[in-house]
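This is final-v1.csv (CSV, C-alpha atoms).
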```
chain,number,residue,atom,x,y,z
A,1,MET,CA,100.1,152.5,92.9
A,2,ASN,CA,101.0,149.8,95.4
A,3,ALA,CA,99.0,150.6,98.6
A,4,SER,CA,101.7,149.3,100.8
A,5,LYS,CA,103.9,152.2,99.8
A,6,ASN,CA,101.5,154.5,101.4
A,7,ILE,CA,101.8,152.8,104.8
A,8,ARG,CA,104.4,154.7,106.9
A,9,PRO,CA,106.9,152.5,108.8
A,10,ALA,CA,105.4,153.8,112.1
A,11,GLN,CA,102.1,152.2,111.2
A,12,ARG,CA,103.4,148.6,110.7
A,13,PRO,CA,104.3,147.7,114.3
A,14,PRO,CA,100.7,147.7,115.6
A,15,VAL,CA,99.7,145.4,112.7
A,16,LEU,CA,102.6,143.1,113.6
A,17,ALA,CA,101.6,143.3,117.3
A,18,ARG,CA,98.1,142.2,116.4
A,19,LYS,CA,99.3,139.3,114.4
A,20,GLN,CA,101.5,138.2,117.3
A,21,GLN,CA,98.6,138.6,119.7
A,22,ARG,CA,96.4,136.4,117.5
A,23,ALA,CA,99.2,133.8,117.3
A,24,ILE,CA,99.6,133.7,121.0
A,25,LEU,CA,95.8,133.5,121.5
A,26,THR,CA,95.6,130.6,119.0
A,27,ARG,CA,98.3,128.7,120.8
A,28,MET,CA,96.6,129.3,124.1
A,29,GLN,CA,93.3,128.1,122.7
A,30,LEU,CA,95.0,124.9,121.4
A,31,THR,CA,96.7,124.1,124.6
A,32,GLY,CA,93.5,124.7,126.6
A,33,ALA,CA,91.6,122.4,124.3
A,34,ALA,CA,94.3,119.8,124.5
A,35,ARG,CA,94.1,119.9,128.3
A,36,ARG,CA,90.3,119.1,128.2
A,37,ILE,CA,90.6,116.5,125.5
A,38,PHE,CA,93.5,114.7,127.1
A,39,ALA,CA,91.8,114.6,130.5
A,40,ALA,CA,88.5,113.4,129.0
A,41,SER,CA,89.7,110.8,126.5
A,42,GLY,CA,93.3,110.0,127.5
A,43,PHE,CA,96.5,111.1,125.8
A,44,GLU,CA,96.8,108.2,123.5
A,45,LEU,CA,93.2,108.1,122.2
A,46,SER,CA,93.0,111.8,121.6
A,47,SER,CA,93.6,113.1,118.1
A,48,VAL,CA,95.0,116.3,116.7
A,49,GLU,CA,91.7,116.7,114.8
A,50,GLU,CA,89.8,116.6,118.1
A,51,ILE,CA,92.1,119.2,119.7
A,52,ALA,CA,91.9,121.5,116.8
A,53,ALA,CA,88.1,121.2,116.5
A,54,ALA,CA,87.6,121.8,120.3
A,55,ALA,CA,89.7,125.0,119.9
A,56,GLY,CA,87.7,126.1,116.9
A,57,LYS,CA,90.8,125.9,114.8
A,58,THR,CA,92.0,123.9,111.7
A,59,ARG,CA,94.3,120.9,111.7
A,60,GLY,CA,96.8,123.2,109.9
A,61,ALA,CA,96.6,125.7,112.7
A,62,PHE,CA,97.6,122.9,115.1
A,63,TYR,CA,100.6,122.0,113.1
A,64,ALA,CA,101.6,125.6,112.7
A,65,ASN,CA,102.1,125.7,116.5
A,66,PHE,CA,103.0,122.1,117.5
A,67,LYS,CA,104.9,119.2,115.9
A,68,ASP,CA,102.6,116.5,117.4
A,69,LYS,CA,100.6,115.6,120.5
A,70,GLU,CA,103.8,115.1,122.5
A,71,ASP,CA,104.8,118.7,121.7
A,72,VAL,CA,101.5,120.1,122.9
A,73,PHE,CA,101.8,118.0,126.1
A,74,PHE,CA,105.2,119.6,126.9
A,75,ALA,CA,103.8,123.0,126.1
A,76,ILE,CA,101.1,122.3,128.7
A,77,PHE,CA,103.7,121.0,131.1
A,78,GLU,CA,105.8,124.1,130.7
A,79,GLU,CA,102.8,126.3,131.5
A,80,ASP,CA,102.2,124.3,134.7
A,81,LEU,CA,105.8,124.6,135.7
A,82,ALA,CA,105.8,128.3,135.2
A,83,ARG,CA,102.7,128.5,137.5
A,84,ASP,CA,104.5,126.2,140.0
A,85,ARG,CA,107.5,128.6,140.2
A,86,LYS,CA,105.2,131.4,141.4
A,87,GLN,CA,103.5,129.2,143.9
A,88,VAL,CA,106.7,127.6,145.2
A,89,THR,CA,108.1,131.1,145.8
A,90,LEU,CA,104.9,132.1,147.6
A,91,HIS,CA,105.0,129.1,149.9
A,92,LEU,CA,108.8,129.0,150.6
A,93,SER,CA,109.9,132.6,150.5
A,94,GLU,CA,109.1,133.3,154.2
A,95,ALA,CA,110.1,129.8,155.6
A,96,SER,CA,113.0,130.1,158.0
A,97,SER,CA,113.5,126.5,159.1
A,98,ARG,CA,113.8,123.1,157.5
A,99,GLU,CA,110.4,122.1,158.9
A,100,GLU,CA,108.8,125.2,157.6
A,101,ARG,CA,110.3,124.7,154.2
A,102,ILE,CA,109.0,121.1,154.1
A,103,ARG,CA,105.5,122.2,155.1
A,104,GLY,CA,105.5,125.0,152.5
A,105,LEU,CA,106.5,122.6,149.7
A,106,ALA,CA,104.0,120.0,151.0
A,107,LEU,CA,101.2,122.6,150.9
A,108,HIS,CA,102.1,123.4,147.3
A,109,LEU,CA,102.3,119.7,146.3
A,110,ARG,CA,98.9,119.0,147.9
A,111,GLU,CA,97.4,121.8,145.8
A,112,VAL,CA,99.0,120.3,142.6
A,113,MET,CA,97.6,116.9,143.5
A,114,LYS,CA,94.1,118.4,143.9
A,115,ASP,CA,94.2,119.6,140.2
A,116,ARG,CA,92.4,116.5,138.8
A,117,PRO,CA,92.9,117.3,135.1
A,118,ARG,CA,96.6,118.0,135.6
A,119,MET,CA,97.2,114.8,137.5
A,120,LEU,CA,95.2,112.8,135.0
A,121,LEU,CA,97.2,114.2,132.2
A,122,ALA,CA,100.5,113.5,133.9
A,123,LEU,CA,99.5,109.9,134.7
A,124,GLU,CA,98.2,109.4,131.1
A,125,PHE,CA,101.4,110.6,129.6
A,126,LYS,CA,103.6,108.4,131.7
A,127,LEU,CA,101.4,105.4,130.8
A,128,TYR,CA,101.7,106.4,127.1
A,129,ALA,CA,105.5,106.5,127.4
A,130,ILE,CA,105.6,103.1,129.1
A,131,ARG,CA,103.5,101.6,126.3
A,132,HIS,CA,106.0,102.9,123.8
A,133,PRO,CA,109.4,101.7,125.0
A,134,ARG,CA,111.3,103.2,122.1
A,135,ARG,CA,110.2,106.7,123.1
A,136,GLN,CA,110.2,106.1,126.8
A,137,LYS,CA,113.8,107.2,127.7
A,138,ARG,CA,113.6,110.2,125.4
A,139,LEU,CA,110.4,111.4,126.9
A,140,ALA,CA,111.6,110.7,130.5
A,141,ASP,CA,114.8,112.6,129.8
A,142,LEU,CA,112.9,115.5,128.3
A,143,HIS,CA,110.5,115.6,131.2
A,144,SER,CA,113.3,115.7,133.7
A,145,SER,CA,115.3,118.4,131.8
A,146,MET,CA,112.2,120.6,131.6
A,147,CYS,CA,111.7,120.3,135.3
A,148,ALA,CA,115.3,121.2,135.9
A,149,ARG,CA,115.3,124.1,133.6
A,150,CYS,CA,112.1,125.6,135.0
A,151,MET,CA,112.4,124.9,138.7
A,152,GLU,CA,116.0,124.3,139.8
A,153,ALA,CA,117.0,127.9,140.1
A,154,ASP,CA,114.1,128.7,142.4
A,155,LEU,CA,114.5,125.5,144.5
A,156,ASP,CA,118.2,126.0,144.9
A,157,ARG,CA,117.5,129.5,146.2
A,158,LEU,CA,114.6,128.6,148.5
A,159,LEU,CA,115.4,125.0,149.5
A,160,PRO,CA,119.0,124.5,150.6
A,161,GLU,CA,118.3,120.8,151.1
A,162,PHE,CA,117.6,120.5,147.4
A,163,ALA,CA,120.6,122.7,146.4
A,164,ALA,CA,123.0,120.4,148.2
A,165,ALA,CA,122.2,117.5,145.9
A,166,GLY,CA,124.1,117.1,142.6
A,167,PRO,CA,122.3,116.7,139.2
A,168,LEU,CA,121.7,113.0,139.7
A,169,GLY,CA,120.6,113.5,143.3
A,170,LYS,CA,118.1,116.2,142.2
A,171,ARG,CA,116.7,113.9,139.6
A,172,THR,CA,116.3,111.1,142.2
A,173,GLN,CA,114.7,113.5,144.6
A,174,SER,CA,112.2,114.7,142.0
A,175,ALA,CA,111.4,111.1,141.1
A,176,GLN,CA,110.8,110.3,144.7
A,177,ILE,CA,108.5,113.2,145.2
A,178,GLY,CA,106.7,112.4,141.9
A,179,THR,CA,106.2,108.8,143.1
A,180,ILE,CA,104.3,109.8,146.2
A,181,LEU,CA,102.3,112.5,144.4
A,182,ASP,CA,101.2,110.2,141.5
A,183,GLY,CA,100.3,107.4,144.0
A,184,LEU,CA,98.3,109.6,146.3
A,185,ALA,CA,96.5,111.4,143.4
A,186,LEU,CA,95.6,108.1,141.7
A,187,ASN,CA,94.2,106.5,144.9
A,188,CYS,CA,92.4,109.7,145.9
A,189,MET,CA,90.7,109.9,142.5
A,190,PHE,CA,89.9,106.2,142.5
A,191,ASP,CA,88.5,106.2,146.0
A,192,ALA,CA,87.3,109.7,146.8
A,193,GLY,CA,87.3,110.4,150.5
A,194,CYS,CA,89.8,107.6,151.4
A,195,LEU,CA,92.1,110.3,152.8
A,196,ASN,CA,91.3,113.7,154.1
A,197,GLU,CA,93.4,116.8,153.3
A,198,GLU,CA,95.4,116.7,156.6
A,199,GLN,CA,96.3,113.0,156.0
A,200,VAL,CA,97.5,113.8,152.5
A,201,LEU,CA,99.5,116.7,153.8
A,202,GLY,CA,101.1,114.5,156.5
A,203,MET,CA,102.1,111.8,154.0
A,204,ILE,CA,103.7,114.3,151.7
A,205,GLN,CA,105.6,115.9,154.6
A,206,ALA,CA,106.8,112.5,155.7
A,207,ILE,CA,108.2,111.6,152.3
A,208,LEU,CA,109.8,115.1,152.0
A,209,ARG,CA,111.6,114.6,155.3
A,210,VAL,CA,113.1,111.4,153.9
A,211,VAL,CA,113.9,112.8,150.5
A,212,LEU,CA,115.4,116.1,151.7
A,213,ALA,CA,117.4,114.5,154.5
A,214,VAL,CA,120.9,115.9,153.8
```
Rewritten as structure tokens:
Amino acid sequence: MNASKNIRPAQRPPVLARKQQRAILTRMQLTGAARRIFAASGFELSSVEEIAAAAGKTRGAFYANFKDKEDVFFAIFEEDLARDRKQVTLHLSEASSREERIRGLALHLREVMKDRPRMLLALEFKLYAIRHPRRQKRLADLHSSMCARCMEADLDRLLPEFAAAGPLGKRTQSAQIGTILDGLALNCMFDAGCLNEEQVLGMIQAILRVVLAV
């Protein structure tokens, strides 16, 4: 007799739930390993095999979850944006003036900039895209569309100065903010102690006043 016939339908969902939990855990382990490998070795020099081994998984497990290294980068990026949404809401929800909103957003961006592995990964990926011109526009467009999809609704609600800009204006604003963030992070990592936290915060606030001047 087929043993599966003895399993009542009510018993199957827990088995399915455990499989789903294992799949989620495997994906989390792979993205966590990719963060570490990318930060240590650089995006381009890292391999799928390294990522899988660091996660304690097989190469097949990697490809069951991700198409390639670019795909796992965007999965990491999406995780970071989801965390950003919560932090942006925390910093901006009680701001009642333009200056308070600018300071709240600047505080959040300063915390992002202090996340060394995250900033290294972002810089590495942009350099990778620049080195591969045929992929650059597609990667830049995908990067921008993910930012818009994950963040725009919250920023439109919490930051009227951002909501007033059209789609192109929002992309320009995001690029301007990214420019100061990348530059500050790179120089602070290169020459630790060249700027203190208050100086960094002041510079971010200054660029935000210009970017969000509507």
Taking (104.5, 125.7, 117.4) as a centre in this file's frame and 12 Å as the limit, can you find every polymer residue with an atom that close, using all atoms listed in the file, and give them as a PyMOL selection string? chain A and resi 23-24+26-28+30-31+60-75
Which residue out of A:Val88, A:Ile102, A:Val200, A:Gln29 has the minimum interatomic distance to Asn187 (chain A) when only C-alpha atoms are used?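 Nearest candidate to Asn187 (chain A) out of A:Val88, A:Ile102, A:Val200, A:Gln29: A:Val200.
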Nearest to Glu152 (chain A) by atom-to-atom distance, counting only C-alpha atoms, from A:Ala17, A:Leu81, A:Ile51, A:Leu186: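 Among A:Ala17, A:Leu81, A:Ile51, A:Leu186, it is A:Leu81 that comes nearest to Glu152 (chain A).
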Residue contacts of region 144-148 of chain A (8 Å, all atoms listed in the file) excluding same-chain residues fewer than 2 positions away, as number ranges by chain: A: 78, 81, 140-142, 150-152, 171
Which protein, DNA or RNA residues have an atom at most 9 Å from (109.7, 130.4, 152.1), counting all atoms listed in the file? List them as a list in words.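 Answer for this query, in the requested form: Val88, Thr89, Leu90, His91, Leu92, Ser93, Glu94, Ala95, Ser96, Ser97, Glu100, Arg101, Gly104, Leu105, Leu158 and Leu159 of chain A.
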Pairwise distance, CA of Lys137 (chain A) with CA of Phe162 (chain A), equals 24.1 Å
One decimal, in Å: what's the spacing between CA of Ser41 (chain A) and CA of Ile130 (chain A)?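 Between these atoms lies a distance of 17.9 Å.
Proximity of A:Pro160, A:Pro117, A:Gly193, A:Pro133 to Arg98 (chain A), computed with all atoms listed in the file, is greatest for A:Pro160.
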Could you check how far CA of Thr172 (chain A) sits from CA of Ala122 (chain A), in Å to one decimal?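 Answer for the CA of Thr172 (chain A) to CA of Ala122 (chain A) separation: 18.0 Å.
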Pick the closest to Gly32 (chain A) from A:Asp84, A:His108, A:Arg118, A:Gly166: which is it, counting all atoms listed in the file? A:Arg118
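Distance annotation: of A:Phe43, A:Ile177, A:Gly202, A:Ile37, the residue with the minimal separation from Leu127 (chain A) is A:Phe43; atom set is all atoms listed in the file.
Minimum distance to Arg110 (chain A) across A:Leu212, A:Ala33, A:Ala192, A:Ile180 (counting only C-alpha atoms) occurs at A:Ile180.
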Please provide the set of residues having any atom within 12 Å of Glu197 (chain A), restricted to all atoms listed in the file, with same-chain residues fewer than 2 positions apart removed, written as number ranges by chain. A: 106-107, 109-111, 113-114, 184-185, 188, 192-195, 199-204
